[in-house]
Amino acid sequence: MFEGQPKGLYALALANTGERFGYYTMIAVFALFLRANFGLTPGTAGLIYSIFLSLVYFLPLIGGILADKFGYGKMVTLGIIVMFFGYLFLSIPLGGNMMAMVCMLVALFFISFGTGLFKGNLQVMVGNLYDDPKYSAKRDSAFSIFYMAINIGALFAPTAAVKIKEWAETSLGYASNDAYHFSFAVACLSLVISMAIYYGFRYTFRNVEGGEKKTKEELAVEELTPQETKSRIVALCLVFAVVIFFWMAFHQNGLTLTYFADEFTQKTASGVQSMAFDVVNLVMIIFIVYSLFALFQSKTSKGKLIAAGVIVLSILVLIWKYTRVEGSIDVSAPIFQQFNPFYVVALTPVSIGIFGALAKRGKEPSAPRKIAYGMLVAAVAYCVMIIASQGLLTPNEQKAAGDQAEFASANWLIGTYLILTFGELLLSPMGISFVSKVAPPKYKGMMMGGWFVATAFGNILVSVGGYLWGDLPLWCVWSVFVGLCLLSALFMFSMMKRLEKVAK
């Protein structure tokens, strides 16, 4: 999995990990912050949330166009600086008046614009590492590793957001609304760490930062015919159109799925179930998964011995943690967002192993086909939520029910996030890999930006879930996402021959 990859991959991945940790710490509590601090309705909070997400994913198009002209490395550096000031402004508690709202919106624009300069261009640089024939066969696995690194940052973010907010309330005496700002301040520190990693290991990827004028010979090698360029751009646009609806469904994790966690899910957990909400236990499981792969793949007895030792130690930690479980623990809604990144990190080696084995047999699905399968899996995830919601009240009825309200087991959401993650692993890293491979060389930044624009449109549509949240039965809310994912998968399969042709 990790063998034979260029060193630049790990430097870029770690730089992204720090930035993503800060972003997901902020996003884990952002929708709840909007409702608590400004007294917004679920629909209005959802609208602001989705517009912000859409800008985060739309502005990489602008960042990509600028990078194609001025260089990817310059835009990445500028993006980190702009993001830093955005998070800094957001971390200042100003209350819940109109001036505070305006300042928050300005901070959100800084964060989204800085992300637009940073996010897509960093991924273009990763793809450029694999234009070297020596590494080209490892492109898909490289983006799986890169995606895993993103989710390492996201894994710890919900716990950090909740714990820091609680610390500000209990230790520093801040009111609940003001305590959210301490969670936002974490992102400032994480960006400093990202900058340190980026410049500390810049020598490993400096050759792919772009910005230098190319010789006529280099341009001639890269040049495609107008017909080839058009064919590739059309194929990419077809993929972009499909993934809009995946991200609409997937990013309900910060909106309706968080609302479900907050309003319909049991507020406490005990026994073995309570261990799932402790990020240390999740990390131990990750250690076990990776060590099992190392145990069977290591070529030396020393490597096997170390892997076995890590497995035993991790199991002992889990046993020790279980013996200390007493009574029940409180379960906060944002903490559920740790399960998606946990599953991504834990399942990435499994995914790479499965597709590696299929590749050896000549049966590995193409990237477009994986994307279509991802849409089908996402539909299954929301079918689980339909089952979980049977017998529950509508959100408005639940709010009025008081002591008569009924709650679902936390395991429904945990299972839904597992299935959604399977879909994400099929779609997101493979989609990014597809763009980096197929995009015409002189439009790489813009086309990677196009991938994020599709995500942006999906994030705009996320707000639909907020407006459905009220008088409709829950099964009806989830059915909307099931239907859209199924229709998108059907469209993808209908265009498969065309997409696979340009991917060769």
# chains A, B, ... in the order shown; residues from 1 in each chain; ligands from 1
>>> closest_atom_pairs(of="stretch 313-386 of chain A", to="stretch 290-297 of chain A", cutoff="9 Å", atoms="only C-alpha atoms", output="JSON lines")
{"residue": "A:Ala346", "atom": "CA", "partner": "A:Tyr290", "partner_atom": "CA", "distance": 7.7}
{"residue": "A:Pro349", "atom": "CA", "partner": "A:Tyr290", "partner_atom": "CA", "distance": 7.3}
{"residue": "A:Val350", "atom": "CA", "partner": "A:Phe293", "partner_atom": "CA", "distance": 8.7}
>>> closest_residue(among="A:Val208, A:Leu474, A:Thr258, A:Met284", to="A:Ala388", atoms="only C-alpha atoms")
A:Leu474
>>> atom_distance(atom1="atom CA of A:Leu61", atom2="atom CA of A:Leu108")
17.6 Å
>>> select_by_dssp(residues="stretch 165-317 of chain A", states="alpha helix (DSSP H)", output="ChimeraX atom specification")
/A:165-170,176-200,216-222,226-250,256-263,271-275,279-297,301-317
>>> closest_atom_pairs(of="stretch 92-183 of chain A", to="stretch 12-21 of chain A", cutoff="6 Å", atoms="only C-alpha atoms", output="Markdown table")
| residue | atom | partner | partner_atom | distance |
| --- | --- | --- | --- | --- |
| A:Phe146 | CA | A:Ala13 | CA | 5.2 |
| A:Ala149 | CA | A:Thr17 | CA | 5.6 |
| A:Ile150 | CA | A:Thr17 | CA | 4.8 |
| A:Gly153 | CA | A:Phe21 | CA | 4.0 |
| A:Ala154 | CA | A:Phe21 | CA | 5.1 |
| A:Ala157 | CA | A:Phe21 | CA | 5.6 |
>>> write_last_selection(atoms="all heavy atoms", output="PDB file, in the first residue's frame")
ATOM      1  N   PHE A 146      -3.988   9.628   0.088  1.00  0.00           N
ATOM      2  CA  PHE A 146      -4.183  11.056   0.307  1.00  0.00           C
ATOM      3  C   PHE A 146      -5.539  11.316   0.963  1.00  0.00           C
ATOM      4  O   PHE A 146      -5.646  12.112   1.906  1.00  0.00           O
ATOM      5  CB  PHE A 146      -4.097  11.786  -1.041  1.00  0.00           C
ATOM      6  CG  PHE A 146      -4.232  13.281  -0.950  1.00  0.00           C
ATOM      7  CD1 PHE A 146      -3.150  14.066  -0.603  1.00  0.00           C
ATOM      8  CD2 PHE A 146      -5.445  13.899  -1.211  1.00  0.00           C
ATOM      9  CE1 PHE A 146      -3.269  15.454  -0.520  1.00  0.00           C
ATOM     10  CE2 PHE A 146      -5.576  15.277  -1.137  1.00  0.00           C
ATOM     11  CZ  PHE A 146      -4.481  16.055  -0.788  1.00  0.00           C
ATOM     12  N   ALA A 149      -5.476  10.436   4.589  1.00  0.00           N
ATOM     13  CA  ALA A 149      -4.820  11.462   5.397  1.00  0.00           C
ATOM     14  C   ALA A 149      -5.772  12.600   5.729  1.00  0.00           C
ATOM     15  O   ALA A 149      -5.749  13.143   6.840  1.00  0.00           O
ATOM     16  CB  ALA A 149      -3.590  11.995   4.659  1.00  0.00           C
ATOM     17  N   ILE A 150      -6.618  12.978   4.765  1.00  0.00           N
ATOM     18  CA  ILE A 150      -7.632  13.990   5.033  1.00  0.00           C
ATOM     19  C   ILE A 150      -8.496  13.566   6.213  1.00  0.00           C
ATOM     20  O   ILE A 150      -8.798  14.344   7.124  1.00  0.00           O
ATOM     21  CB  ILE A 150      -8.527  14.206   3.800  1.00  0.00           C
ATOM     22  CG1 ILE A 150      -7.732  14.835   2.653  1.00  0.00           C
ATOM     23  CG2 ILE A 150      -9.749  15.062   4.135  1.00  0.00           C
ATOM     24  CD1 ILE A 150      -8.508  14.942   1.360  1.00  0.00           C
ATOM     25  N   GLY A 153      -7.287  13.782   9.921  1.00  0.00           N
ATOM     26  CA  GLY A 153      -7.592  15.071  10.533  1.00  0.00           C
ATOM     27  C   GLY A 153      -9.049  15.167  10.935  1.00  0.00           C
ATOM     28  O   GLY A 153      -9.381  15.646  12.026  1.00  0.00           O
ATOM     29  N   ALA A 154      -9.942  14.680  10.070  1.00  0.00           N
ATOM     30  CA  ALA A 154     -11.374  14.754  10.359  1.00  0.00           C
ATOM     31  C   ALA A 154     -11.782  13.828  11.502  1.00  0.00           C
ATOM     32  O   ALA A 154     -12.767  14.107  12.206  1.00  0.00           O
ATOM     33  CB  ALA A 154     -12.165  14.395   9.099  1.00  0.00           C
ATOM     34  N   ALA A 157     -11.493  15.631  14.809  1.00  0.00           N
ATOM     35  CA  ALA A 157     -12.123  16.943  14.853  1.00  0.00           C
ATOM     36  C   ALA A 157     -13.397  16.998  15.713  1.00  0.00           C
ATOM     37  O   ALA A 157     -13.530  17.908  16.537  1.00  0.00           O
ATOM     38  CB  ALA A 157     -12.407  17.425  13.435  1.00  0.00           C
TER      39      ALA A 157
END
>>> residues_around(residues="A:Phe481", least_positions_apart="4", cutoff="7 Å", atoms="only C-alpha atoms", output="PyMOL selection string")
chain A and resi 249+379+382+485
>>> write_last_selection(atoms="all heavy atoms", output="compact mmCIF listing (two decimals), in the first residue's frame")
# COMPACT_ATOMS: atom_id res chain seq x y z
N ALA A 249 -26.45 14.19 -0.93
CA ALA A 249 -26.84 13.17 0.04
C ALA A 249 -25.79 12.99 1.13
O ALA A 249 -26.11 12.93 2.32
CB ALA A 249 -27.08 11.84 -0.68
N ALA A 379 -27.34 5.12 -1.81
CA ALA A 379 -28.79 4.88 -1.76
C ALA A 379 -29.13 3.85 -0.68
O ALA A 379 -30.11 4.01 0.06
CB ALA A 379 -29.29 4.41 -3.12
N TYR A 382 -29.24 5.35 2.90
CA TYR A 382 -30.47 6.05 3.29
C TYR A 382 -31.67 5.11 3.39
O TYR A 382 -32.66 5.43 4.07
CB TYR A 382 -30.74 7.22 2.34
CG TYR A 382 -29.86 8.39 2.69
CD1 TYR A 382 -28.69 8.65 1.98
CD2 TYR A 382 -30.15 9.19 3.78
CE1 TYR A 382 -27.84 9.70 2.34
CE2 TYR A 382 -29.32 10.24 4.14
CZ TYR A 382 -28.17 10.49 3.42
OH TYR A 382 -27.33 11.52 3.80
N CYS A 485 -29.97 9.34 -5.63
CA CYS A 485 -28.76 8.52 -5.80
C CYS A 485 -28.98 7.42 -6.83
O CYS A 485 -28.10 7.14 -7.65
CB CYS A 485 -28.34 7.92 -4.46
SG CYS A 485 -27.62 9.12 -3.31
>>> residues_around(residues="A:Ala67", least_positions_apart="3", cutoff="8 Å", atoms="only C-alpha atoms", output="PDB file with all heavy atoms, in the first residue's frame")
ATOM      1  N   GLY A  63      -9.524  29.293  -7.938  1.00  0.00           N
ATOM      2  CA  GLY A  63      -8.159  28.979  -7.522  1.00  0.00           C
ATOM      3  C   GLY A  63      -7.406  28.178  -8.567  1.00  0.00           C
ATOM      4  O   GLY A  63      -6.209  28.390  -8.786  1.00  0.00           O
ATOM      5  N   GLY A  64      -8.112  27.273  -9.242  1.00  0.00           N
ATOM      6  CA  GLY A  64      -7.480  26.463 -10.279  1.00  0.00           C
ATOM      7  C   GLY A  64      -7.106  27.267 -11.505  1.00  0.00           C
ATOM      8  O   GLY A  64      -6.037  27.073 -12.094  1.00  0.00           O
ATOM      9  N   PHE A  70      -0.378  31.097 -12.642  1.00  0.00           N
ATOM     10  CA  PHE A  70       0.683  31.586 -11.753  1.00  0.00           C
ATOM     11  C   PHE A  70       1.419  30.488 -10.987  1.00  0.00           C
ATOM     12  O   PHE A  70       2.439  30.758 -10.358  1.00  0.00           O
ATOM     13  CB  PHE A  70       0.105  32.588 -10.743  1.00  0.00           C
ATOM     14  CG  PHE A  70      -0.497  33.804 -11.377  1.00  0.00           C
ATOM     15  CD1 PHE A  70      -1.871  33.992 -11.385  1.00  0.00           C
ATOM     16  CD2 PHE A  70       0.304  34.758 -11.989  1.00  0.00           C
ATOM     17  CE1 PHE A  70      -2.432  35.117 -11.969  1.00  0.00           C
ATOM     18  CE2 PHE A  70      -0.250  35.886 -12.579  1.00  0.00           C
ATOM     19  CZ  PHE A  70      -1.621  36.058 -12.569  1.00  0.00           C
ATOM     20  N   GLY A  71       0.886  29.261 -10.996  1.00  0.00           N
ATOM     21  CA  GLY A  71       1.552  28.173 -10.287  1.00  0.00           C
ATOM     22  C   GLY A  71       0.729  27.673  -9.110  1.00  0.00           C
ATOM     23  O   GLY A  71       0.086  28.458  -8.402  1.00  0.00           O
ATOM     24  N   TYR A  72       0.757  26.366  -8.915  1.00  0.00           N
ATOM     25  CA  TYR A  72      -0.040  25.738  -7.854  1.00  0.00           C
ATOM     26  C   TYR A  72       0.514  26.056  -6.473  1.00  0.00           C
ATOM     27  O   TYR A  72      -0.236  26.319  -5.533  1.00  0.00           O
ATOM     28  CB  TYR A  72      -0.094  24.220  -8.071  1.00  0.00           C
ATOM     29  CG  TYR A  72      -0.529  23.844  -9.467  1.00  0.00           C
ATOM     30  CD1 TYR A  72       0.358  23.265 -10.367  1.00  0.00           C
ATOM     31  CD2 TYR A  72      -1.830  24.096  -9.895  1.00  0.00           C
ATOM     32  CE1 TYR A  72      -0.032  22.941 -11.659  1.00  0.00           C
ATOM     33  CE2 TYR A  72      -2.233  23.769 -11.180  1.00  0.00           C
ATOM     34  CZ  TYR A  72      -1.329  23.196 -12.062  1.00  0.00           C
ATOM     35  OH  TYR A  72      -1.726  22.890 -13.332  1.00  0.00           O
ATOM     36  N   GLY A  73       1.830  26.034  -6.326  1.00  0.00           N
ATOM     37  CA  GLY A  73       2.449  26.272  -5.036  1.00  0.00           C
ATOM     38  C   GLY A  73       2.145  27.654  -4.479  1.00  0.00           C
ATOM     39  O   GLY A  73       1.873  27.811  -3.278  1.00  0.00           O
ATOM     40  N   LYS A  74       2.180  28.677  -5.325  1.00  0.00           N
ATOM     41  CA  LYS A  74       1.899  30.042  -4.877  1.00  0.00           C
ATOM     42  C   LYS A  74       0.469  30.164  -4.364  1.00  0.00           C
ATOM     43  O   LYS A  74       0.212  30.830  -3.353  1.00  0.00           O
ATOM     44  CB  LYS A  74       2.134  31.023  -6.019  1.00  0.00           C
ATOM     45  CG  LYS A  74       3.589  31.197  -6.421  1.00  0.00           C
ATOM     46  CD  LYS A  74       3.729  32.158  -7.596  1.00  0.00           C
ATOM     47  CE  LYS A  74       5.192  32.297  -8.021  1.00  0.00           C
ATOM     48  NZ  LYS A  74       5.336  33.187  -9.197  1.00  0.00           N
ATOM     49  N   MET A  75      -0.472  29.533  -5.052  1.00  0.00           N
ATOM     50  CA  MET A  75      -1.871  29.622  -4.637  1.00  0.00           C
ATOM     51  C   MET A  75      -2.115  28.862  -3.333  1.00  0.00           C
ATOM     52  O   MET A  75      -2.919  29.279  -2.494  1.00  0.00           O
ATOM     53  CB  MET A  75      -2.783  29.080  -5.734  1.00  0.00           C
ATOM     54  CG  MET A  75      -2.769  29.916  -7.011  1.00  0.00           C
ATOM     55  SD  MET A  75      -3.261  31.636  -6.754  1.00  0.00           S
ATOM     56  CE  MET A  75      -1.648  32.458  -6.869  1.00  0.00           C
ATOM     57  N   ASN A 121      -5.688  22.858  -5.693  1.00  0.00           N
ATOM     58  CA  ASN A 121      -4.329  22.955  -6.223  1.00  0.00           C
ATOM     59  C   ASN A 121      -3.372  21.992  -5.533  1.00  0.00           C
ATOM     60  O   ASN A 121      -2.437  21.483  -6.154  1.00  0.00           O
ATOM     61  CB  ASN A 121      -3.837  24.400  -6.109  1.00  0.00           C
ATOM     62  CG  ASN A 121      -4.604  25.324  -7.024  1.00  0.00           C
ATOM     63  OD1 ASN A 121      -4.941  24.966  -8.147  1.00  0.00           O
ATOM     64  ND2 ASN A 121      -4.926  26.514  -6.546  1.00  0.00           N
ATOM     65  N   GLY A 210       4.549  24.012 -10.249  1.00  0.00           N
ATOM     66  CA  GLY A 210       4.140  24.789 -11.413  1.00  0.00           C
ATOM     67  C   GLY A 210       4.608  26.225 -11.329  1.00  0.00           C
ATOM     68  O   GLY A 210       5.263  26.653 -10.382  1.00  0.00           O
ATOM     69  N   GLY A 211       4.251  26.991 -12.343  1.00  0.00           N
ATOM     70  CA  GLY A 211       4.600  28.401 -12.369  1.00  0.00           C
ATOM     71  C   GLY A 211       5.795  28.718 -13.250  1.00  0.00           C
ATOM     72  O   GLY A 211       6.010  29.866 -13.642  1.00  0.00           O
ATOM     73  N   GLY A 445      -5.716  22.630 -13.390  1.00  0.00           N
ATOM     74  CA  GLY A 445      -6.238  23.365 -12.248  1.00  0.00           C
ATOM     75  C   GLY A 445      -7.714  23.658 -12.382  1.00  0.00           C
ATOM     76  O   GLY A 445      -8.494  23.493 -11.443  1.00  0.00           O
TER      77      GLY A 445
END
>>> closest_residue(among="A:Leu468, A:Val438, A:Val29, A:Leu358", to="A:Ser231", atoms="only C-alpha atoms")
A:Val438
>>> closest_residue(among="A:Asn281, A:Thr300, A:Thr77, A:Thr159", to="A:Ser332", atoms="only C-alpha atoms")
A:Thr159
>>> closest_residue(among="A:Ala31, A:Ile164, A:Ala367, A:Leu238", to="A:Asp262", atoms="only C-alpha atoms")
A:Ala31
>>> atom_distance(atom1="atom CA of A:Ile244", atom2="atom CA of A:Leu392")
29.6 Å
